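Pasted below: coords.cif, mmCIF, N, CA and C atoms and all ligand atoms.
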data_target
#
loop_
_atom_site.label_atom_id
_atom_site.label_comp_id
_atom_site.auth_asym_id
_atom_site.auth_seq_id
_atom_site.Cartn_x
_atom_site.Cartn_y
_atom_site.Cartn_z
N MET A 351 59.52 115.46 91.38
CA MET A 351 60.60 115.10 92.30
C MET A 351 61.29 113.82 91.82
N ARG A 352 62.61 113.86 91.87
CA ARG A 352 63.36 112.67 91.42
C ARG A 352 63.45 111.62 92.54
N ILE A 353 63.68 110.37 92.11
CA ILE A 353 63.76 109.28 93.08
C ILE A 353 64.96 109.45 94.03
N SER A 354 66.02 110.08 93.52
CA SER A 354 67.17 110.35 94.40
C SER A 354 66.74 111.17 95.63
N GLU A 355 65.81 112.12 95.44
CA GLU A 355 65.32 112.95 96.54
C GLU A 355 64.42 112.13 97.48
N VAL A 356 63.61 111.25 96.90
CA VAL A 356 62.75 110.37 97.72
C VAL A 356 63.64 109.51 98.62
N ILE A 357 64.72 108.98 98.06
CA ILE A 357 65.63 108.12 98.83
C ILE A 357 66.33 108.95 99.92
N ARG A 358 66.70 110.18 99.55
CA ARG A 358 67.39 111.04 100.54
C ARG A 358 66.47 111.26 101.76
N ARG A 359 65.17 111.41 101.50
CA ARG A 359 64.22 111.66 102.59
C ARG A 359 63.92 110.42 103.41
N LYS A 360 63.77 109.28 102.72
CA LYS A 360 63.30 108.11 103.47
C LYS A 360 64.41 107.14 103.88
N GLY A 361 65.59 107.28 103.26
CA GLY A 361 66.68 106.36 103.56
C GLY A 361 66.73 105.24 102.54
N ALA A 362 67.86 104.54 102.53
CA ALA A 362 68.09 103.56 101.47
C ALA A 362 68.08 102.12 101.96
N GLU A 363 67.51 101.90 103.14
CA GLU A 363 67.51 100.53 103.66
C GLU A 363 66.63 99.62 102.80
N VAL A 364 67.15 98.46 102.40
CA VAL A 364 66.33 97.48 101.69
C VAL A 364 66.42 96.15 102.44
N VAL A 365 65.26 95.61 102.79
CA VAL A 365 65.24 94.30 103.45
C VAL A 365 65.30 93.23 102.36
N THR A 366 66.23 92.30 102.51
CA THR A 366 66.38 91.25 101.49
C THR A 366 66.32 89.86 102.12
N ILE A 367 66.11 88.87 101.26
CA ILE A 367 66.05 87.47 101.70
C ILE A 367 66.72 86.62 100.63
N ARG A 368 67.31 85.50 101.04
CA ARG A 368 67.90 84.57 100.05
C ARG A 368 66.78 83.70 99.46
N PRO A 369 66.96 83.26 98.20
CA PRO A 369 65.89 82.46 97.58
C PRO A 369 65.65 81.11 98.25
N ASP A 370 66.65 80.61 99.01
CA ASP A 370 66.49 79.30 99.65
C ASP A 370 65.88 79.41 101.05
N GLU A 371 65.66 80.62 101.55
CA GLU A 371 64.97 80.76 102.83
C GLU A 371 63.48 80.46 102.62
N THR A 372 62.78 80.14 103.71
CA THR A 372 61.40 79.68 103.56
C THR A 372 60.39 80.83 103.58
N VAL A 373 59.18 80.50 103.16
CA VAL A 373 58.10 81.48 103.17
C VAL A 373 57.81 81.91 104.63
N THR A 374 57.99 80.99 105.58
CA THR A 374 57.83 81.37 107.00
C THR A 374 58.87 82.42 107.40
N ASP A 375 60.12 82.24 106.93
CA ASP A 375 61.16 83.25 107.21
C ASP A 375 60.75 84.60 106.60
N LEU A 376 60.19 84.54 105.41
CA LEU A 376 59.74 85.76 104.74
C LEU A 376 58.67 86.48 105.57
N LEU A 377 57.68 85.71 106.06
CA LEU A 377 56.60 86.32 106.85
C LEU A 377 57.16 86.99 108.09
N ALA A 378 58.17 86.37 108.71
CA ALA A 378 58.79 86.96 109.90
C ALA A 378 59.43 88.31 109.55
N LEU A 379 60.08 88.38 108.38
CA LEU A 379 60.72 89.63 107.95
C LEU A 379 59.68 90.72 107.68
N LEU A 380 58.59 90.33 106.98
CA LEU A 380 57.54 91.30 106.66
C LEU A 380 56.95 91.88 107.94
N ALA A 381 56.72 90.98 108.93
CA ALA A 381 56.13 91.43 110.20
C ALA A 381 57.13 92.29 110.99
N GLU A 382 58.37 91.82 111.07
CA GLU A 382 59.39 92.54 111.86
C GLU A 382 59.60 93.97 111.35
N HIS A 383 59.62 94.12 110.03
CA HIS A 383 59.91 95.44 109.46
C HIS A 383 58.64 96.21 109.07
N ASN A 384 57.48 95.58 109.25
CA ASN A 384 56.21 96.22 108.92
C ASN A 384 56.18 96.68 107.46
N ILE A 385 56.55 95.76 106.56
CA ILE A 385 56.62 96.06 105.12
C ILE A 385 55.82 95.02 104.33
N GLY A 386 55.64 95.29 103.02
CA GLY A 386 54.84 94.39 102.20
C GLY A 386 55.64 93.64 101.15
N ALA A 387 56.93 93.98 101.00
CA ALA A 387 57.73 93.32 99.96
C ALA A 387 59.18 93.21 100.40
N VAL A 388 59.83 92.16 99.91
CA VAL A 388 61.24 91.94 100.21
C VAL A 388 61.94 91.61 98.89
N VAL A 389 63.13 92.16 98.70
CA VAL A 389 63.91 91.84 97.51
C VAL A 389 64.65 90.52 97.75
N VAL A 390 64.60 89.63 96.76
CA VAL A 390 65.30 88.35 96.87
C VAL A 390 66.68 88.52 96.24
N SER A 391 67.70 88.10 97.01
CA SER A 391 69.07 88.34 96.56
C SER A 391 69.98 87.21 97.02
N VAL A 392 70.86 86.76 96.12
CA VAL A 392 71.79 85.68 96.49
C VAL A 392 73.07 86.23 97.11
N ASP A 393 73.27 87.55 97.01
CA ASP A 393 74.54 88.11 97.48
C ASP A 393 74.35 89.19 98.54
N GLY A 394 73.40 88.95 99.44
CA GLY A 394 73.21 89.84 100.58
C GLY A 394 72.69 91.21 100.22
N GLY A 395 72.07 91.36 99.05
CA GLY A 395 71.44 92.64 98.70
C GLY A 395 72.23 93.48 97.72
N ARG A 396 73.32 92.94 97.18
CA ARG A 396 74.08 93.72 96.19
C ARG A 396 73.30 93.76 94.86
N THR A 397 72.79 92.60 94.46
CA THR A 397 72.02 92.55 93.21
C THR A 397 70.63 91.96 93.46
N VAL A 398 69.72 92.21 92.50
CA VAL A 398 68.33 91.76 92.62
C VAL A 398 68.13 90.44 91.88
N GLY A 399 67.63 89.43 92.60
CA GLY A 399 67.35 88.14 91.95
C GLY A 399 65.86 87.89 91.82
N GLY A 400 65.06 88.71 92.51
CA GLY A 400 63.61 88.56 92.46
C GLY A 400 62.96 89.50 93.45
N ILE A 401 61.62 89.46 93.47
CA ILE A 401 60.89 90.23 94.49
C ILE A 401 59.74 89.37 94.97
N VAL A 402 59.45 89.46 96.26
CA VAL A 402 58.36 88.66 96.81
C VAL A 402 57.56 89.55 97.76
N THR A 403 56.23 89.53 97.57
CA THR A 403 55.39 90.42 98.38
C THR A 403 54.30 89.60 99.09
N GLU A 404 53.60 90.30 100.00
CA GLU A 404 52.53 89.63 100.75
C GLU A 404 51.48 89.03 99.79
N ARG A 405 51.30 89.66 98.64
CA ARG A 405 50.32 89.13 97.67
C ARG A 405 50.71 87.77 97.14
N ASP A 406 52.03 87.57 96.92
CA ASP A 406 52.49 86.26 96.45
C ASP A 406 52.17 85.18 97.48
N VAL A 407 52.37 85.53 98.75
CA VAL A 407 52.10 84.55 99.81
C VAL A 407 50.60 84.22 99.86
N VAL A 408 49.77 85.25 99.80
CA VAL A 408 48.32 85.03 99.87
C VAL A 408 47.86 84.16 98.69
N ARG A 409 48.38 84.48 97.50
CA ARG A 409 47.99 83.73 96.30
C ARG A 409 48.37 82.24 96.43
N HIS A 410 49.60 81.99 96.91
CA HIS A 410 50.05 80.61 97.05
C HIS A 410 49.37 79.89 98.21
N LEU A 411 49.02 80.61 99.27
CA LEU A 411 48.26 79.98 100.36
C LEU A 411 46.92 79.50 99.82
N ASN A 412 46.33 80.29 98.95
CA ASN A 412 45.04 79.93 98.37
C ASN A 412 45.16 78.74 97.43
N SER A 413 46.22 78.72 96.58
CA SER A 413 46.32 77.65 95.57
C SER A 413 46.95 76.37 96.14
N THR A 414 47.91 76.50 97.07
CA THR A 414 48.66 75.33 97.55
C THR A 414 48.26 74.92 98.96
N GLY A 415 47.83 75.87 99.75
CA GLY A 415 47.53 75.57 101.16
C GLY A 415 48.73 75.90 102.03
N THR A 416 48.63 75.57 103.32
CA THR A 416 49.63 76.01 104.29
C THR A 416 50.99 75.33 104.12
N SER A 417 51.05 74.26 103.31
CA SER A 417 52.35 73.61 103.06
C SER A 417 53.33 74.57 102.40
N VAL A 418 52.81 75.61 101.76
CA VAL A 418 53.68 76.58 101.09
C VAL A 418 54.60 77.28 102.10
N LEU A 419 54.19 77.29 103.35
CA LEU A 419 54.97 78.01 104.37
C LEU A 419 56.37 77.45 104.54
N SER A 420 56.54 76.15 104.26
CA SER A 420 57.89 75.58 104.40
C SER A 420 58.64 75.51 103.06
N ASN A 421 58.03 76.03 102.00
CA ASN A 421 58.70 76.06 100.70
C ASN A 421 59.70 77.21 100.62
N PRO A 422 60.71 77.06 99.74
CA PRO A 422 61.64 78.18 99.57
C PRO A 422 60.98 79.37 98.89
N VAL A 423 61.46 80.54 99.24
CA VAL A 423 60.95 81.79 98.67
C VAL A 423 61.03 81.78 97.14
N ALA A 424 62.04 81.10 96.59
CA ALA A 424 62.21 81.03 95.14
C ALA A 424 60.96 80.53 94.43
N GLN A 425 60.17 79.69 95.14
CA GLN A 425 58.97 79.11 94.50
C GLN A 425 57.79 80.08 94.43
N VAL A 426 57.83 81.14 95.20
CA VAL A 426 56.68 82.06 95.19
C VAL A 426 57.04 83.46 94.68
N MET A 427 58.33 83.71 94.49
CA MET A 427 58.76 85.08 94.11
C MET A 427 58.50 85.35 92.61
N THR A 428 58.60 86.63 92.25
CA THR A 428 58.60 87.03 90.84
C THR A 428 60.06 87.24 90.45
N ALA A 429 60.50 86.52 89.40
CA ALA A 429 61.92 86.58 89.03
C ALA A 429 62.24 87.73 88.07
N GLU A 430 61.25 88.11 87.26
CA GLU A 430 61.45 89.21 86.30
C GLU A 430 61.08 90.51 86.98
N VAL A 431 62.05 91.19 87.53
CA VAL A 431 61.75 92.37 88.35
C VAL A 431 61.87 93.66 87.52
N VAL A 432 60.84 94.47 87.60
CA VAL A 432 60.89 95.80 86.99
C VAL A 432 61.54 96.73 88.01
N THR A 433 62.55 97.46 87.58
CA THR A 433 63.27 98.34 88.51
C THR A 433 63.21 99.79 88.00
N CYS A 434 63.70 100.71 88.81
CA CYS A 434 63.79 102.10 88.36
C CYS A 434 65.17 102.64 88.72
N SER A 435 65.44 103.88 88.29
CA SER A 435 66.75 104.48 88.60
C SER A 435 66.55 105.75 89.42
N THR A 436 67.62 106.25 89.97
CA THR A 436 67.54 107.45 90.82
C THR A 436 67.12 108.68 90.02
N GLU A 437 67.30 108.62 88.69
CA GLU A 437 66.96 109.77 87.84
C GLU A 437 65.49 109.82 87.46
N ASP A 438 64.76 108.70 87.67
CA ASP A 438 63.32 108.70 87.35
C ASP A 438 62.58 109.67 88.26
N ASP A 439 61.40 110.13 87.80
CA ASP A 439 60.63 111.01 88.68
C ASP A 439 59.38 110.30 89.21
N LEU A 440 58.82 110.91 90.24
CA LEU A 440 57.68 110.32 90.95
C LEU A 440 56.52 109.96 90.03
N GLN A 441 56.21 110.89 89.11
CA GLN A 441 55.04 110.66 88.26
C GLN A 441 55.23 109.47 87.33
N THR A 442 56.45 109.31 86.81
CA THR A 442 56.74 108.15 85.94
C THR A 442 56.54 106.85 86.72
N LEU A 443 57.05 106.84 87.96
CA LEU A 443 56.92 105.63 88.77
C LEU A 443 55.47 105.33 89.13
N ALA A 444 54.72 106.39 89.43
CA ALA A 444 53.30 106.20 89.77
C ALA A 444 52.58 105.57 88.58
N ARG A 445 52.93 106.02 87.36
CA ARG A 445 52.31 105.48 86.15
C ARG A 445 52.69 104.02 85.97
N THR A 446 53.98 103.71 86.13
CA THR A 446 54.46 102.32 85.98
C THR A 446 53.73 101.40 86.96
N MET A 447 53.64 101.83 88.22
CA MET A 447 52.99 100.97 89.23
C MET A 447 51.51 100.78 88.92
N THR A 448 50.85 101.83 88.44
CA THR A 448 49.42 101.72 88.12
C THR A 448 49.22 100.78 86.94
N GLU A 449 50.04 100.96 85.89
CA GLU A 449 49.89 100.14 84.68
C GLU A 449 50.20 98.68 84.96
N LYS A 450 51.28 98.42 85.73
CA LYS A 450 51.72 97.04 85.94
C LYS A 450 51.08 96.39 87.16
N ARG A 451 50.34 97.20 87.93
CA ARG A 451 49.59 96.70 89.09
C ARG A 451 50.48 96.09 90.15
N PHE A 452 51.63 96.75 90.45
CA PHE A 452 52.34 96.38 91.66
C PHE A 452 52.76 97.62 92.40
N ARG A 453 53.16 97.40 93.65
CA ARG A 453 53.31 98.53 94.58
C ARG A 453 54.74 98.76 95.04
N HIS A 454 55.68 98.05 94.40
CA HIS A 454 57.08 98.18 94.84
C HIS A 454 58.01 98.22 93.65
N LEU A 455 59.01 99.11 93.70
CA LEU A 455 60.02 99.18 92.64
C LEU A 455 61.41 99.31 93.27
N PRO A 456 62.25 98.28 93.11
CA PRO A 456 63.63 98.42 93.56
C PRO A 456 64.35 99.47 92.70
N VAL A 457 65.22 100.23 93.34
CA VAL A 457 66.03 101.23 92.63
C VAL A 457 67.39 100.60 92.36
N VAL A 458 67.75 100.53 91.07
CA VAL A 458 68.99 99.85 90.69
C VAL A 458 69.84 100.78 89.83
N GLU A 459 71.13 100.82 90.12
CA GLU A 459 72.05 101.62 89.31
C GLU A 459 73.30 100.78 89.03
N ASP A 460 73.69 100.73 87.75
CA ASP A 460 74.84 99.90 87.34
C ASP A 460 74.72 98.47 87.87
N GLY A 461 73.50 97.94 87.83
CA GLY A 461 73.27 96.56 88.24
C GLY A 461 73.24 96.33 89.74
N GLU A 462 73.42 97.40 90.52
CA GLU A 462 73.45 97.22 91.98
C GLU A 462 72.21 97.82 92.65
N LEU A 463 71.69 97.08 93.63
CA LEU A 463 70.50 97.51 94.36
C LEU A 463 70.84 98.67 95.30
N LEU A 464 70.09 99.79 95.15
CA LEU A 464 70.36 100.97 95.99
C LEU A 464 69.29 101.21 97.05
N ALA A 465 68.03 100.94 96.69
CA ALA A 465 66.92 101.27 97.59
C ALA A 465 65.66 100.62 97.04
N ILE A 466 64.54 100.82 97.73
CA ILE A 466 63.26 100.36 97.20
C ILE A 466 62.23 101.46 97.45
N VAL A 467 61.35 101.66 96.47
CA VAL A 467 60.32 102.68 96.59
C VAL A 467 58.97 101.98 96.55
N SER A 468 58.10 102.32 97.51
CA SER A 468 56.76 101.71 97.53
C SER A 468 55.72 102.75 97.10
N ILE A 469 54.52 102.27 96.84
CA ILE A 469 53.46 103.20 96.43
C ILE A 469 53.17 104.18 97.56
N GLY A 470 53.37 103.73 98.81
CA GLY A 470 53.19 104.62 99.96
C GLY A 470 54.17 105.78 99.92
N ASP A 471 55.43 105.51 99.56
CA ASP A 471 56.44 106.57 99.43
C ASP A 471 56.02 107.56 98.35
N ILE A 472 55.50 107.02 97.24
CA ILE A 472 55.11 107.87 96.11
C ILE A 472 53.98 108.80 96.53
N VAL A 473 52.95 108.22 97.17
CA VAL A 473 51.79 109.03 97.57
C VAL A 473 52.24 110.11 98.55
N LYS A 474 53.03 109.73 99.56
CA LYS A 474 53.46 110.70 100.58
C LYS A 474 54.25 111.86 99.95
N ASN A 475 55.22 111.53 99.10
CA ASN A 475 56.06 112.58 98.51
C ASN A 475 55.30 113.42 97.50
N ARG A 476 54.35 112.80 96.80
CA ARG A 476 53.53 113.55 95.83
C ARG A 476 52.64 114.56 96.57
N ILE A 477 52.08 114.15 97.71
CA ILE A 477 51.26 115.07 98.51
C ILE A 477 52.13 116.23 99.00
N ASP A 478 53.34 115.92 99.49
CA ASP A 478 54.26 116.98 99.96
C ASP A 478 54.56 117.96 98.83
N GLU A 479 54.79 117.38 97.63
CA GLU A 479 55.13 118.19 96.45
C GLU A 479 53.96 119.12 96.09
N LEU A 480 52.74 118.56 96.06
CA LEU A 480 51.56 119.36 95.72
C LEU A 480 51.28 120.41 96.78
N GLN A 481 51.51 120.06 98.05
CA GLN A 481 51.30 121.03 99.15
C GLN A 481 52.27 122.21 99.00
N ALA A 482 53.53 121.90 98.65
CA ALA A 482 54.53 122.97 98.49
C ALA A 482 54.13 123.89 97.33
N GLU A 483 53.66 123.30 96.22
CA GLU A 483 53.22 124.11 95.07
C GLU A 483 52.03 124.99 95.46
N ASN A 484 51.10 124.40 96.21
CA ASN A 484 49.91 125.12 96.65
C ASN A 484 50.31 126.30 97.57
N ASP A 485 51.23 126.06 98.50
CA ASP A 485 51.67 127.12 99.42
C ASP A 485 52.30 128.28 98.64
N GLN A 486 53.10 127.92 97.61
CA GLN A 486 53.75 128.95 96.79
C GLN A 486 52.72 129.80 96.06
N LEU A 487 51.69 129.13 95.51
CA LEU A 487 50.65 129.87 94.76
C LEU A 487 49.85 130.79 95.68
N VAL A 488 49.49 130.27 96.87
CA VAL A 488 48.74 131.09 97.84
C VAL A 488 49.59 132.30 98.23
N ASP A 489 50.86 132.05 98.48
CA ASP A 489 51.79 133.11 98.85
C ASP A 489 51.85 134.17 97.74
N TYR A 490 51.88 133.69 96.48
CA TYR A 490 51.99 134.57 95.32
C TYR A 490 50.76 135.47 95.18
N VAL A 491 49.54 134.88 95.28
CA VAL A 491 48.31 135.69 95.07
C VAL A 491 48.05 136.61 96.26
N GLN A 492 48.59 136.29 97.44
CA GLN A 492 48.33 137.13 98.61
C GLN A 492 49.32 138.30 98.74
N ARG A 493 50.38 138.23 97.94
CA ARG A 493 51.40 139.29 98.04
C ARG A 493 50.93 140.62 97.48
P1 LIG B 1 52.66 94.19 95.05
O1 LIG B 1 51.48 94.97 94.57
O2 LIG B 1 53.93 95.00 95.08
O3 LIG B 1 52.40 93.46 96.34
O4 LIG B 1 52.98 93.06 93.95
C1 LIG B 1 51.99 92.39 93.20
C2 LIG B 1 52.65 91.32 92.34
O5 LIG B 1 53.65 91.91 91.48
C3 LIG B 1 53.41 90.24 93.13
O6 LIG B 1 53.31 89.02 92.41
C4 LIG B 1 54.85 90.71 93.13
O7 LIG B 1 55.80 89.66 93.23
C5 LIG B 1 54.95 91.41 91.80
N1 LIG B 1 55.85 92.57 91.85
C6 LIG B 1 55.90 93.51 92.81
N2 LIG B 1 56.82 94.44 92.53
C7 LIG B 1 57.39 94.07 91.35
C8 LIG B 1 58.40 94.61 90.51
N3 LIG B 1 59.03 95.75 90.81
N4 LIG B 1 58.72 93.93 89.38
C9 LIG B 1 58.07 92.80 89.04
N5 LIG B 1 57.11 92.25 89.77
C10 LIG B 1 56.75 92.87 90.92
#
This entry written out as structure tokens:
Amino acid sequence: MRISEVIRRKGAEVVTIRPDETVTDLLALLAEHNIGAVVVSVDGGRTVGGIVTERDVVRHLNSTGTSVLSNPVAQVMTAEVVTCSTEDDLQTLARTMTEKRFRHLPVVEDGELLAIVSIGDIVKNRIDELQAENDQLVDYVQR
């Protein structure tokens, strides 16, 4: 299944934050939207400037302490973001996430942010895909 189909099913909403907003602002966004990652963007989500996830916050809480909560997101985010395109397929993305050990991939086309895919989206759609294949095979042998 292509990522364009995953986006069609789940929608293209991406929660973003400016790099000068604080880690406390970030935590509020993660809690409000019940998500684990936010794209950092200077232009309201048109382009990707970084990515910041709950893991970054936990890591910095451990190394810096609670003072990190008033620091700007820019200090805890990852600036070199690996992205994918709508033409990529689920299995390629699953491999990328496993190899690179992260759970979120922004979808970018012509330099513009379109959507974000999480490992949860991949697992859900892969199960749907395998279930559909299984149903077809059962249907075939029972005919
Ligand atoms: P995650 O497993 O998505 O919570 O991310 C684990 C670590 O990888 C964190 O330091 C993230 O900032 C970073 N990270 C997550 N997604 C990406 C991505 N698409 N490109 C680069 N780094 C990422």
### Task
Would you mind writing down, as number ranges by chain, each residue of chain A that DSSP on the backbone assigns to helix (DSSP H, G or I)?
A: 353-360, 373-383, 404-414, 416-420, 423-425, 440-450, 469-492
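Residues of protein, DNA or RNA lying at most 8 Å from ligand LIG 1 (chain B), when all atoms listed in the file are considered, are Gly386, Ala387, Gly400, Ile401, Val402, Thr403, Glu404, Arg405, Asp406, Val407, Val426, Met427, Thr428, Ala429, Glu430, Val431, Val432, Thr433, Cys434, Lys450, Arg451, Phe452, Arg453, His454, Leu455, Pro456, Ser468 and Ile469 of chain A.
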### Task
Write down as an MDAnalysis selection string the residues of stretch 422-464 of chain A whose backbone DSSP state falls under strand (DSSP E or B).
chainID A and resid 422 428 434 439 454:459 462:464
### Query
Hey, can you check how far atom N of A:Glu449 sits from atom C of A:Pro369?
28.1 Å
#### Entry: Residue contacts of A:Val373 (7 Å, all atoms listed in the file) excluding same-chain residues fewer than 4 positions away, as a list in words
Leu377, Ala378, Val418, Leu419, Ser420, Asn421, Pro422 and Val423 of chain A
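The protein and nucleic acid residues lying at most 8 Å from A:Arg476 are Met351, Leu440, Gln441, Gly470, Asp471, Ile472, Leu480, Gln481 and Ala482 of chain A, with all atoms listed in the file considered and sequence neighbours fewer than 4 positions away removed.
Residues within 12 Å of A:Glu363, counting only C-alpha atoms and excluding same-chain residues fewer than 5 positions away, are A:Ile357, A:Arg358, A:His383, A:Ile385, A:Val388, A:Val389, A:Gly395, A:Pro456, A:Val457, A:Leu463, A:Leu464, A:Ala465, A:Ile466, A:Val467.
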### Coordinates-based distance that separates atom CA of A:Leu411 from atom N of A:Val364 (Å, one decimal)
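Atom CA of A:Leu411 lies 26.5 Å from atom N of A:Val364.
Reported to one decimal place, the separation of atom CA of A:Thr446 from atom CA of A:Val458 is 15.5 Å.
Summary of the local environment: counting only N, CA and C atoms, residues at most 6 Å from A:Ser391, other than itself and those fewer than 3 positions away along its chain, are Thr366, Ile367, Arg368, Pro369, Gly394, Gly395, Thr397, Val398, Gly399 and Gly400 of chain A.
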